[in-house]
Amino acid sequence: MERTYENHFEDRIETDEDLSLRFDGRAEGNLLIFLTGEKDEVHIDLESRPSSNARIFIQNAFEHPVKIVIKAKAENDAKLRLGLLDLQDHPCELKFDGDLVEEGADIEFYTAQLCLRDKLKKGDLNLNSLVPHTFGNMHNFAVCFDGGRYEMAASGRIVKGAFGSESHQETRVLTMGKDHKAVAIPILYIDENDVKASHALTIGQPDADQLYYLQSRGLSTRQAVGLLSIGYFKPVISLIEDESAREAIESRMEERVGLYEY
Amino acid sequence: MSTLEIKDLHVSVEGKEILKGIDLTVKEDEMHALMGPNGNGKSTLLAAIMGNPKYTVTQGSITLDGKNVLDMPVDERSKAGLFLGMQYPSEVAGVTNSDFLRTAINARRERPISLFSFIKEMDHAINELEMKPDLAHRFLNVGFSGGEKKRNEIVQMLLLKPSLTMLDEIDSGLDVDALRIVSEAVLKAKEQTHMGVIVVSHYARFLDYLKPTHAHILVDGRIVVSGGPELIHKVDTEGYDWVEKEYHVQARKEPKKKAVLLENCGAKKTE
């Protein structure tokens, strides 16, 4: 499926087809993509033309194991905000390659994944600053319950000559219960001096004092843990501009993390 | 009629006995001031009632309306009607006040509260505590000043409507105006719900506002003297020395921090 967006746009796509989406010069708007259907591999190609500004929320809604491949290219002063929410109880392999190909290009990529027993959520992300004065940022959040599996390798690259560029990333994994396994590999390839780059990584159990505090207000352990999880999914969900769509997805997310288990 | 009954309560922390046999009964509409020198077990008592896992009850009983509180996990104690306004409330990044409170309210209801009713109740509580309107959307206690954290505890109390509230030095960090606002909110809630209250405070002005019906002095893990409001006045004017002399007890002293000495520095010692 190919689509080109111009001027101001709002769109919603529900598909398992490969997508090729282009945001024309100065186009500005929001896009919701729900991946659902029979296929077990889907490719999404994104092209942000000069001075475009796109916010894209993608939800994995496949009811079986899936591989999602996303390629993004941002040109002069293009801004691309992009996030993937994956709450499914099925394995998911994510491949992301983002290229900042002209000055002022800016890509911010979010992932939020729920990892349940024996279902591996695996990510391989690359965000490349190929010219001067570009901005790349990746935020990866995951919540692993009993037996959950998470592997995330995120690489930010600033090539020789891409001075004045920034490459940042954070990975935060909340682990709960037993037998979970979380592996996070943050990588920065920096081949230029005049740049800014950073990475932050946390993996760990919820804080005992926080849990006690929440429980002292009547939340069961499951609800308290669920509430703490929500903080990991909200940054992706906040990409959704449409209030009713956002509320529906939030409600589904709250149910998935056990907030309604009374 | 809501009654909290504590009998011969012994509590240890990391193997060290802090409470050595507490007896206390708090009925509805009563307000009990719990006083005593620092480090003698006041906060431990409140934390043990709430079920803080760091504290181990080694002997004795706690019942609320005849139900064994010690058999309940922390969340069940809250749902049974206990509320502890904490001295140091936790900060929880990523969780907004409104999400937290809506979940806490729903946890004690069969059907979830409607969004409209929740917003109305929350706005009312925020107004009553004269807090900023954006409170609902801020992360729980994150970036709050000391006073805001304490007021937020009272916002939670108003929304959760406990039958027995415990306030652990909730007045610390509050300025004079905030002290009055918090006191009025507690008194109004008490009048409306008839909740019993246990309040730990060193601040006479706070207790002047709240007008406790009972007062107790806790020294070295035991309540050594109980009485009425006159006891508060006596402590305010005379301190605790008279308690030690009159009741032959020795208050536990908080260990003083040792000064760091540079024993091997190059300075020559002279007599």
# chains A, B, ... in the order shown; residues from 1 in each chain; ligands from 1

$ closest_atom_pairs --of "chain B" --to "chain A" --cutoff "6 Å" --atoms "only C-alpha atoms" --output "tab-separated table"
residue	atom	partner	partner_atom	distance
B:Val74	CA	A:Ser216	CA	5.6
B:Asp75	CA	A:Gly218	CA	4.0
B:Ser78	CA	A:Gly218	CA	4.9
B:Lys79	CA	A:Gly218	CA	5.4
B:Ser90	CA	A:Gln210	CA	5.7
B:Gly94	CA	A:Gly231	CA	3.9
B:Val95	CA	A:Gly231	CA	5.5
B:Ala104	CA	A:Gly218	CA	5.7

$ select_by_dssp --residues "region 25-252 of chain B" --states "strand (DSSP E)" --output "MDAnalysis selection string"
chainID B and resid 25:27 31:35 56:64 67:68 82:85 92:96 139:140 164:168 196:200 214:219 222:227

$ residues_around --residues "Val57 (chain B)" --least-positions-apart "6" --cutoff "10 Å" --atoms "only C-alpha atoms" --output "ChimeraX atom specification"
/B:9-13,17,19,48-49,51,70

$ atom_distance --atom1 "CA of Ser163 (chain B)" --atom2 "CA of Gly81 (chain B)"
4.8 Å

$ closest_residue --among "B:Ser98, B:Leu187, B:Gly36, B:Val243" --to "Pro133 (chain B)" --atoms "only C-alpha atoms"
B:Ser98

$ atom_distance --atom1 "CA of Pro65 (chain A)" --atom2 "CA of Glu108 (chain A)"
25.8 Å

$ closest_residue --among "B:Met157, B:Leu34, B:Leu129, B:Val92" --to "Pro206 (chain A)" --atoms "only C-alpha atoms"
B:Val92

$ residues_around --residues "Leu46 (chain B)" --least-positions-apart "2" --cutoff "8 Å" --atoms "only C-alpha atoms" --output "ChimeraX atom specification"
/B:42-44,48-50,84,166,168

$ atom_distance --atom1 "CA of Ile203 (chain A)" --atom2 "CA of His64 (chain A)"
27.0 Å

$ residues_around --residues "Asn40 (chain B)" --least-positions-apart "2" --cutoff "9 Å" --atoms "only C-alpha atoms" --output "VMD selection string"
chain B and resid 18 to 19 36 to 38 42 to 44 218 to 222 251 to 254

$ closest_atom_pairs --of "region 76-115 of chain A" --to "region 26-48 of chain A" --cutoff "8 Å" --atoms "only C-alpha atoms" --output "Markdown table"
| residue | atom | partner | partner_atom | distance |
| --- | --- | --- | --- | --- |
| A:Ala78 | CA | A:Ser48 | CA | 5.9 |
| A:Lys79 | CA | A:Ser48 | CA | 7.4 |
| A:Leu80 | CA | A:Ser48 | CA | 7.0 |
